[in-house]
$ cat input.tsv   # TSV, C-alpha atoms and all ligand atoms
chain	number	residue	atom	x	y	z
A	242	MET	CA	-67.78	2.37	119.39
A	243	GLU	CA	-71.13	0.78	120.17
A	244	THR	CA	-70.88	-2.90	121.06
A	245	ALA	CA	-73.06	-5.59	119.57
A	246	ASN	CA	-74.79	-6.22	122.93
A	247	ALA	CA	-75.89	-2.59	123.22
A	248	VAL	CA	-78.29	-2.89	120.27
A	249	GLU	CA	-81.88	-3.95	121.03
A	250	PRO	CA	-82.90	-7.00	118.98
A	251	ARG	CA	-85.82	-6.38	116.64
A	252	VAL	CA	-88.52	-9.01	116.26
A	253	LEU	CA	-87.01	-12.01	114.52
A	254	LYS	CA	-89.03	-12.98	111.44
A	255	VAL	CA	-88.80	-16.71	110.87
A	256	VAL	CA	-89.82	-18.50	107.65
A	257	ARG	CA	-90.56	-22.24	107.52
A	258	GLU	CA	-91.88	-22.75	103.97
A	259	PRO	CA	-90.38	-21.74	100.62
A	260	GLN	CA	-92.56	-19.92	98.09
A	261	VAL	CA	-92.22	-20.87	94.44
A	262	TYR	CA	-93.89	-18.86	91.67
A	263	LEU	CA	-93.94	-19.99	88.04
A	264	VAL	CA	-93.70	-16.57	86.42
A	265	GLY	CA	-92.57	-17.13	82.86
A	266	LYS	CA	-93.47	-19.41	79.97
A	267	GLN	CA	-93.15	-19.41	76.20
A	268	VAL	CA	-95.49	-18.35	73.44
A	269	VAL	CA	-95.44	-19.73	69.89
A	270	ASP	CA	-95.91	-17.61	66.79
A	271	PRO	CA	-98.47	-19.64	64.77
A	272	GLN	CA	-98.02	-17.52	61.65
A	273	GLU	CA	-94.32	-18.20	61.48
A	274	ILE	CA	-94.90	-21.92	62.05
A	275	GLU	CA	-97.46	-21.93	59.20
A	276	ARG	CA	-95.02	-20.03	56.98
A	277	PHE	CA	-92.31	-22.65	57.65
A	278	LEU	CA	-94.73	-25.54	57.00
A	279	GLY	CA	-96.03	-23.90	53.82
A	280	ASP	CA	-92.51	-23.22	52.53
A	281	HIS	CA	-91.77	-26.93	52.93
A	282	GLY	CA	-95.04	-28.27	51.53
A	283	VAL	CA	-96.19	-29.94	54.74
A	284	THR	CA	-99.05	-29.52	57.17
A	285	TRP	CA	-99.04	-30.10	60.89
A	286	SER	CA	-101.19	-29.48	63.91
A	287	THR	CA	-100.80	-30.43	67.53
A	288	ASP	CA	-103.14	-30.95	70.44
A	289	THR	CA	-101.21	-29.00	73.09
A	290	GLU	CA	-101.71	-25.36	73.98
A	291	ILE	CA	-98.53	-25.18	76.07
A	292	GLY	CA	-95.79	-23.16	74.36
A	293	GLY	CA	-92.91	-25.25	75.71
A	294	GLU	CA	-94.55	-28.53	74.72
A	295	MET	CA	-95.40	-27.22	71.26
A	296	LEU	CA	-91.88	-25.91	70.66
A	297	SER	CA	-90.30	-29.17	71.80
A	298	GLU	CA	-92.51	-31.10	69.37
A	299	ILE	CA	-91.76	-28.76	66.47
A	300	ALA	CA	-88.05	-29.01	67.27
A	301	GLY	CA	-88.14	-32.80	67.58
A	302	ARG	CA	-90.04	-33.19	64.31
A	303	VAL	CA	-87.58	-31.08	62.37
A	304	CYS	CA	-84.97	-33.83	62.90
A	305	TYR	CA	-86.85	-36.14	60.47
A	306	MET	CA	-89.20	-33.56	58.93
A	307	SER	CA	-91.92	-35.77	60.41
A	308	TYR	CA	-94.78	-33.31	60.08
A	309	GLY	CA	-98.09	-34.35	58.56
A	310	LYS	CA	-101.47	-35.58	59.68
A	311	GLY	CA	-102.35	-38.77	61.58
A	312	ARG	CA	-99.28	-38.62	63.77
A	313	ARG	CA	-98.81	-39.01	67.50
A	314	THR	CA	-100.39	-36.68	70.02
A	315	ASN	CA	-98.03	-34.21	71.68
A	316	LYS	CA	-98.15	-36.33	74.85
A	317	GLU	CA	-97.19	-39.49	72.93
A	318	PHE	CA	-94.46	-37.63	71.05
A	319	LEU	CA	-92.86	-36.17	74.17
A	320	GLU	CA	-93.25	-39.39	76.15
A	321	HIS	CA	-91.31	-41.12	73.40
A	322	ILE	CA	-88.61	-38.41	73.54
A	323	VAL	CA	-88.27	-39.01	77.29
A	324	GLU	CA	-88.28	-42.81	76.90
A	325	VAL	CA	-85.53	-42.85	74.29
A	326	GLY	CA	-83.55	-40.15	76.14
A	327	HIS	CA	-83.54	-37.63	73.27
A	328	GLY	CA	-83.27	-34.93	75.92
A	329	SER	CA	-81.85	-32.14	73.78
A	330	VAL	CA	-85.32	-31.69	72.24
A	331	LEU	CA	-86.61	-30.73	75.71
A	332	GLU	CA	-84.11	-27.88	75.90
A	333	HIS	CA	-86.47	-25.83	73.73
A	334	ALA	CA	-89.10	-25.71	76.50
A	335	VAL	CA	-88.24	-23.00	79.02
A	336	TRP	CA	-89.86	-21.76	82.21
A	337	SER	CA	-88.96	-19.06	84.74
A	338	PHE	CA	-89.51	-19.19	88.48
A	339	LEU	CA	-89.30	-16.74	91.34
A	340	ILE	CA	-88.31	-18.41	94.58
A	341	SER	CA	-88.49	-16.64	97.94
A	342	GLY	CA	-88.51	-17.61	101.59
A	343	VAL	CA	-85.37	-19.67	101.07
A	344	SER	CA	-81.99	-19.61	102.78
A	345	ARG	CA	-78.59	-18.70	101.43
A	346	SER	CA	-77.59	-22.34	101.99
A	347	PHE	CA	-80.40	-23.36	99.64
A	348	THR	CA	-79.25	-20.98	96.89
A	349	HIS	CA	-75.65	-22.14	97.33
A	350	GLU	CA	-76.85	-25.64	96.43
A	351	LEU	CA	-79.19	-24.44	93.70
A	352	ILE	CA	-76.61	-22.50	91.76
A	353	ARG	CA	-74.48	-25.64	91.38
A	354	HIS	CA	-76.92	-26.47	88.57
A	355	ARG	CA	-75.06	-24.91	85.68
A	356	HIS	CA	-77.74	-25.01	83.01
A	357	PHE	CA	-80.08	-22.64	84.85
A	358	SER	CA	-79.86	-18.85	84.66
A	359	TYR	CA	-80.05	-16.87	87.90
A	360	SER	CA	-80.68	-13.42	89.34
A	361	GLN	CA	-80.42	-13.23	93.12
A	362	LEU	CA	-81.02	-10.54	95.73
A	363	SER	CA	-77.72	-8.75	96.37
A	364	GLN	CA	-76.47	-8.55	99.94
A	365	ARG	CA	-74.12	-5.78	98.81
A	366	TYR	CA	-76.94	-3.48	97.68
A	367	VAL	CA	-79.86	-4.53	99.87
A	368	ASP	CA	-80.02	-3.75	103.58
A	369	GLU	CA	-80.24	-7.08	105.41
A	370	SER	CA	-81.07	-5.63	108.81
A	371	GLU	CA	-84.78	-6.39	108.24
A	372	SER	CA	-84.19	-9.78	106.65
A	373	ASP	CA	-86.21	-12.89	107.48
A	374	PHE	CA	-84.47	-16.10	108.48
A	375	ILE	CA	-85.17	-19.71	107.51
A	376	GLU	CA	-85.40	-22.07	110.46
A	377	PRO	CA	-85.08	-25.80	109.74
A	378	ASP	CA	-87.99	-27.87	111.09
A	379	PRO	CA	-85.97	-30.15	113.41
A	380	ILE	CA	-84.66	-27.06	115.21
A	381	ALA	CA	-87.97	-25.17	115.22
A	382	ASP	CA	-89.82	-28.20	116.58
A	383	ASP	CA	-87.55	-28.47	119.65
A	384	PRO	CA	-87.95	-25.59	122.14
A	385	GLU	CA	-84.39	-25.85	123.50
A	386	LEU	CA	-82.76	-26.00	120.08
A	387	ASP	CA	-85.08	-23.28	118.83
A	388	ALA	CA	-83.87	-21.00	121.66
A	389	VAL	CA	-80.21	-21.70	120.77
A	390	TRP	CA	-80.91	-20.95	117.11
A	391	ARG	CA	-82.74	-17.71	117.84
A	392	GLU	CA	-79.98	-16.52	120.13
A	393	ALA	CA	-77.33	-17.20	117.47
A	394	VAL	CA	-79.35	-15.51	114.71
A	395	ASN	CA	-80.13	-12.50	116.89
A	396	ALA	CA	-76.45	-12.15	117.80
A	397	ALA	CA	-75.56	-12.17	114.10
A	398	ARG	CA	-78.23	-9.56	113.36
A	399	ARG	CA	-76.99	-7.30	116.14
A	400	ALA	CA	-73.42	-7.66	114.92
A	401	TYR	CA	-74.53	-6.89	111.36
A	402	ASP	CA	-76.23	-3.66	112.44
A	403	VAL	CA	-73.24	-2.53	114.49
A	404	LEU	CA	-70.84	-3.38	111.69
A	405	VAL	CA	-72.90	-1.54	109.05
A	406	ALA	CA	-73.05	1.56	111.29
A	407	GLY	CA	-69.33	1.37	112.09
A	408	LEU	CA	-68.32	0.78	108.49
A	409	GLN	CA	-70.49	3.63	107.21
A	410	LYS	CA	-68.54	5.91	109.59
A	411	ARG	CA	-65.28	4.40	108.44
A	412	PHE	CA	-66.17	5.19	104.82
A	413	THR	CA	-67.41	8.76	105.44
A	414	GLY	CA	-64.72	9.93	103.02
A	415	VAL	CA	-66.54	8.15	100.19
A	416	GLU	CA	-68.81	10.80	98.69
A	417	ASP	CA	-71.14	8.54	96.73
A	418	LYS	CA	-73.81	7.49	99.27
A	419	THR	CA	-74.72	4.32	97.37
A	420	LEU	CA	-71.09	3.25	97.15
A	421	ARG	CA	-70.59	4.00	100.84
A	422	ARG	CA	-73.53	1.80	101.78
A	423	LYS	CA	-72.33	-0.94	99.43
A	424	LEU	CA	-68.84	-0.89	100.96
A	425	ALA	CA	-70.36	-1.19	104.43
A	426	ARG	CA	-72.91	-3.89	103.57
A	427	GLN	CA	-70.53	-6.05	101.59
A	428	ALA	CA	-68.17	-6.29	104.57
A	429	ALA	CA	-70.86	-6.53	107.25
A	430	ARG	CA	-72.68	-9.37	105.49
A	431	SER	CA	-69.80	-11.67	106.40
A	432	VAL	CA	-71.46	-12.26	109.79
A	433	LEU	CA	-74.89	-13.15	108.38
A	434	PRO	CA	-75.77	-16.83	108.74
A	435	ASN	CA	-76.66	-19.37	106.04
A	436	ALA	CA	-80.21	-19.08	107.39
A	437	THR	CA	-80.60	-15.54	105.99
A	438	GLU	CA	-83.62	-15.34	103.69
A	439	THR	CA	-83.01	-14.66	100.01
A	440	LYS	CA	-84.91	-14.44	96.74
A	441	ILE	CA	-83.78	-15.82	93.41
A	442	PHE	CA	-85.11	-15.75	89.85
A	443	VAL	CA	-84.40	-18.98	87.97
A	444	THR	CA	-84.87	-19.78	84.31
A	445	GLY	CA	-84.31	-23.27	83.01
A	446	ASN	CA	-85.20	-25.58	80.17
A	447	ALA	CA	-87.16	-28.79	80.64
A	448	ARG	CA	-84.10	-31.01	80.38
A	449	ALA	CA	-82.22	-29.08	83.09
A	450	LEU	CA	-85.39	-28.85	85.19
A	451	ARG	CA	-85.86	-32.61	85.00
A	452	HIS	CA	-82.26	-33.21	86.08
A	453	PHE	CA	-82.65	-30.75	88.97
A	454	ILE	CA	-85.91	-32.39	90.11
A	455	GLU	CA	-84.29	-35.85	90.01
A	456	LEU	CA	-81.20	-34.87	92.03
A	457	ARG	CA	-82.80	-32.44	94.45
A	458	GLY	CA	-86.17	-34.16	94.78
A	459	SER	CA	-84.32	-37.28	95.89
A	460	GLU	CA	-84.57	-38.50	99.47
A	461	HIS	CA	-80.81	-37.92	99.74
A	462	ALA	CA	-81.13	-34.18	99.09
A	463	ASP	CA	-81.37	-31.52	101.82
A	464	VAL	CA	-84.96	-31.02	102.98
A	465	GLU	CA	-85.14	-27.35	101.94
A	466	ILE	CA	-84.00	-27.86	98.36
A	467	ARG	CA	-86.16	-31.00	98.18
A	468	ALA	CA	-89.21	-28.96	99.21
A	469	VAL	CA	-88.44	-26.49	96.41
A	470	ALA	CA	-87.89	-29.31	93.87
A	471	VAL	CA	-91.26	-30.82	94.87
A	472	ALA	CA	-92.99	-27.42	94.62
A	473	MET	CA	-91.45	-26.81	91.18
A	474	LEU	CA	-92.48	-30.27	90.01
A	475	ARG	CA	-96.07	-29.67	91.15
A	476	LEU	CA	-96.23	-26.42	89.21
A	477	LEU	CA	-94.63	-28.00	86.16
A	478	GLN	CA	-96.95	-31.01	86.21
A	479	GLN	CA	-99.89	-28.61	86.10
A	480	GLU	CA	-98.25	-26.46	83.47
A	481	SER	CA	-96.77	-29.18	81.27
A	482	PRO	CA	-98.08	-32.68	82.01
A	483	ASN	CA	-96.69	-33.97	78.70
A	484	VAL	CA	-93.09	-33.25	79.79
A	485	PHE	CA	-93.31	-33.87	83.55
A	486	GLY	CA	-96.17	-36.38	83.79
A	487	ASP	CA	-93.89	-39.38	84.38
A	488	TYR	CA	-92.88	-38.21	87.87
A	489	THR	CA	-94.55	-39.42	91.03
A	490	LEU	CA	-94.30	-38.04	94.56
A	491	VAL	CA	-93.24	-40.62	97.10
A	492	PRO	CA	-93.91	-40.10	100.83
A	493	LEU	CA	-90.88	-40.50	103.10
A	494	PRO	CA	-90.98	-41.75	106.71
A	495	ASP	CA	-90.70	-38.17	108.08
A	496	GLY	CA	-93.87	-37.15	106.23
A	497	SER	CA	-92.06	-35.16	103.53
A	498	LEU	CA	-92.10	-36.04	99.83
A	499	ALA	CA	-89.49	-37.16	97.32
A	500	THR	CA	-89.76	-37.25	93.53
A	501	HIS	CA	-89.43	-40.37	91.40
A	502	THR	CA	-89.24	-41.21	87.70
A	503	ASP	CA	-88.10	-44.26	85.74
A	504	HIS	CA	-86.59	-41.94	83.10
A	505	VAL	CA	-83.63	-40.21	84.73
A	506	LYS	CA	-81.22	-37.81	83.04
A	507	VAL	CA	-82.80	-37.77	79.58
B	1	LIG	C1	-77.56	-35.40	97.58
B	1	LIG	C2	-76.50	-34.47	97.07
B	1	LIG	C3	-75.37	-34.24	97.82
B	1	LIG	C4	-74.37	-33.38	97.37
B	1	LIG	N1	-73.26	-33.16	98.12
B	1	LIG	C5	-72.28	-32.35	97.68
B	1	LIG	C6	-71.10	-32.11	98.44
B	1	LIG	O1	-70.94	-32.63	99.53
B	1	LIG	N2	-70.16	-31.26	97.94
B	1	LIG	C7	-70.30	-30.67	96.72
B	1	LIG	O2	-69.41	-29.94	96.29
B	1	LIG	N3	-71.41	-30.88	95.98
B	1	LIG	C8	-72.39	-31.69	96.41
B	1	LIG	N4	-73.52	-31.88	95.65
B	1	LIG	C9	-73.64	-31.15	94.39
B	1	LIG	C10	-73.32	-32.04	93.18
B	1	LIG	O3	-71.97	-32.46	93.23
B	1	LIG	C11	-73.56	-31.26	91.88
B	1	LIG	O4	-72.70	-30.16	91.82
B	1	LIG	C12	-74.96	-30.75	91.73
B	1	LIG	O5	-75.89	-31.74	92.09
B	1	LIG	C13	-75.20	-30.29	90.29
B	1	LIG	O6	-75.47	-31.39	89.46
B	1	LIG	P1	-74.62	-31.81	88.19
B	1	LIG	O7	-73.19	-31.91	88.49
B	1	LIG	O8	-75.25	-33.03	87.60
B	1	LIG	O9	-74.63	-30.60	87.22
B	1	LIG	P2	-75.62	-29.62	86.46
B	1	LIG	O10	-74.93	-28.34	86.51
B	1	LIG	O11	-77.03	-29.70	86.95
B	1	LIG	O12	-75.51	-30.14	84.99
B	1	LIG	C14	-76.32	-31.21	84.46
B	1	LIG	C15	-75.46	-32.17	83.68
B	1	LIG	O13	-74.77	-31.48	82.63
B	1	LIG	C16	-73.48	-32.07	82.44
B	1	LIG	N5	-72.44	-31.07	82.72
B	1	LIG	C17	-72.63	-29.83	83.25
B	1	LIG	N6	-71.47	-29.18	83.32
B	1	LIG	C18	-70.53	-30.01	82.85
B	1	LIG	C19	-69.13	-29.91	82.68
B	1	LIG	N7	-68.45	-28.82	83.02
B	1	LIG	N8	-68.48	-30.93	82.16
B	1	LIG	C20	-69.13	-32.06	81.79
B	1	LIG	N9	-70.45	-32.24	81.93
B	1	LIG	C21	-71.15	-31.22	82.45
B	1	LIG	C22	-73.40	-33.25	83.42
B	1	LIG	O14	-73.81	-34.41	82.74
B	1	LIG	C23	-74.38	-32.85	84.51
B	1	LIG	O15	-74.89	-33.95	85.24
B	1	LIG	C24	-74.52	-32.73	96.10
B	1	LIG	C25	-75.67	-32.99	95.35
B	1	LIG	C26	-76.66	-33.84	95.81
B	1	LIG	C27	-77.89	-34.06	94.97
$ encode --input "input.tsv" --output "structure tokens" --more "lines below"
Ligand SMILES: Cc1cc2nc3c(=O)[nH]c(=O)nc-3n(C[C@H](O)[C@H](O)[C@H](O)COP(=O)(O)OP(=O)(O)OC[C@H]3O[C@@H](n4cnc5c(N)ncnc54)[C@H](O)[C@@H]3O)c2cc1C
Amino acid sequence: METANAVEPRVLKVVREPQVYLVGKQVVDPQEIERFLGDHGVTWSTDTEIGGEMLSEIAGRVCYMSYGKGRRTNKEFLEHIVEVGHGSVLEHAVWSFLISGVSRSFTHELIRHRHFSYSQLSQRYVDESESDFIEPDPIADDPELDAVWREAVNAARRAYDVLVAGLQKRFTGVEDKTLRRKLARQAARSVLPNATETKIFVTGNARALRHFIELRGSEHADVEIRAVAVAMLRLLQQESPNVFGDYTLVPLPDGSLATHTDHVKV
């Protein structure tokens, strides 16, 4: 059988920055809201256009049936919700993100957050021989360490290729081509490093997103997940300033950023 060293290394594609895309948000059905208000003899209007903010306000107001004119702005209403820690109201605001250019170690940390929903690239179905790899800055910035890292990653890639080829031969008796590839890739992936690039779709409500941003935007968090938490916060502050406006970004001595709010775990 071919040995790992016999395979020529392909160009190693290294990624240094995660990409975060805010791909999903909510819409409100104004006719149904009007129907509800009419059925209950009340009127209400709000000054936000953001679906998640509007839904959180409607949900919060149902607790006391506090609809009617001359009330707080949406910003004031949601700020109050955050201040008093009535966080369940924020669970009605939901956003979806696509995150790419991140490592498997990042997603291992991310998926500890149990209130998010996830769909992640499968290493059993997808060929990882052309995968990118995430190199941490302190390694990339040091030529000697960078060389060690590249050698280790290239060795893993060569081993992966050899293992996939060998396992495909081993499973030649399996007629279904897709199953055969899956059987090979699921075993061969065991040699891929934490640095292997992955993509993940994440959906979460504002309460869970706030908790994530607080824990993972903290200076104590790993730099990769902190970079993603900061990127998500930036997108959310643009998208929904009334829910995420209380956060500030604090520069750390290494030049990176951490998140801060006075209202944690609402
Ligand atoms: C700096 C840092 C270092 C870490 N180091 C480690 C480590 O060394 N090893 C390790 O294993 N993990 C580590 N973690 C992960 C950490 O332990 C949590 O698993 C992770 O941060 C998810 O947060 P969470 O537990 O608040 O839960 P989430 O899933 O985000 O849930 C949010 C909140 O919902 C409530 N909740 C959710 N599920 C339950 C439940 N089943 N029962 C009761 N309440 C629940 C809790 O109030 C929880 O805080 C680290 C996290 C950070 C930020």
$ atom_distance --input "input.tsv" --atom1 "CA of Tyr401 in chain A" --atom2 "CA of Ser431 in chain A"
8.4 Å
$ residues_near_ligand --input "input.tsv" --ligand "ligand LIG 1 (chain B)" --cutoff "10 Å" --atoms "all atoms listed in the file" --output "VMD selection string"
chain A and resid 349 to 357 448 to 463 466 to 467 506
$ residues_around --input "input.tsv" --residues "range 476-492 of chain A" --least-positions-apart "4" --cutoff "7 Å" --atoms "all atoms listed in the file" --output "MDAnalysis selection string"
chainID A and resid 263 291 294 316 319:320 472 496:502
$ atom_distance --input "input.tsv" --atom1 "CA of Ala470 in chain A" --atom2 "CA of Lys254 in chain A"
24.0 Å
$ residues_near_point --input "input.tsv" --point "(-70.0, -0.9, 102.7)" --cutoff "8 Å" --atoms "all atoms listed in the file" --output "PyMOL selection string"
chain A and resi 365+405+408-409+412+420-429
$ axis_aligned_box --input "input.tsv" --around "range 381-391 of chain A" --padding-each-side "8 Å" --output "JSON"
{"center_x": -85.0, "center_y": -23.1, "center_z": 119.4, "size_x": 25.6, "size_y": 26.8, "size_z": 24.3}
$ closest_residue --input "input.tsv" --among "A:Tyr366, A:Pro259, A:Leu493, A:Ala397" --to "Lys418 in chain A" --atoms "all atoms listed in the file"
A:Tyr366
$ closest_residue --input "input.tsv" --among "A:Pro494, A:Thr419, A:Asn315, A:Leu253" --to "Ala393 in chain A" --atoms "all atoms listed in the file"
A:Leu253
$ atom_distance --input "input.tsv" --atom1 "CA of Pro434 in chain A" --atom2 "CA of Arg345 in chain A"
8.1 Å
$ closest_residue --input "input.tsv" --among "A:Ile441, A:Val261, A:Ile340, A:Ala447" --to "Tyr359 in chain A" --atoms "all atoms listed in the file"
A:Ile441
$ closest_residue --input "input.tsv" --among "A:Ser341, A:Thr314, A:Ser329, A:Ser358" --to "Thr289 in chain A" --atoms "only C-alpha atoms"
A:Thr314
$ closest_residue --input "input.tsv" --among "A:Arg398, A:Lys266, A:His327, A:Arg257" --to "Gly342 in chain A" --atoms "all atoms listed in the file"
A:Arg257
$ residues_around --input "input.tsv" --residues "Arg312 in chain A" --least-positions-apart "3" --cutoff "12 Å" --atoms "only C-alpha atoms" --output "PyMOL selection string"
chain A and resi 284-288+298+302+307-309+315-318
$ closest_residue --input "input.tsv" --among "A:Val252, A:Val505, A:Met295, A:Val389" --to "Glu371 in chain A" --atoms "all atoms listed in the file"
A:Val252
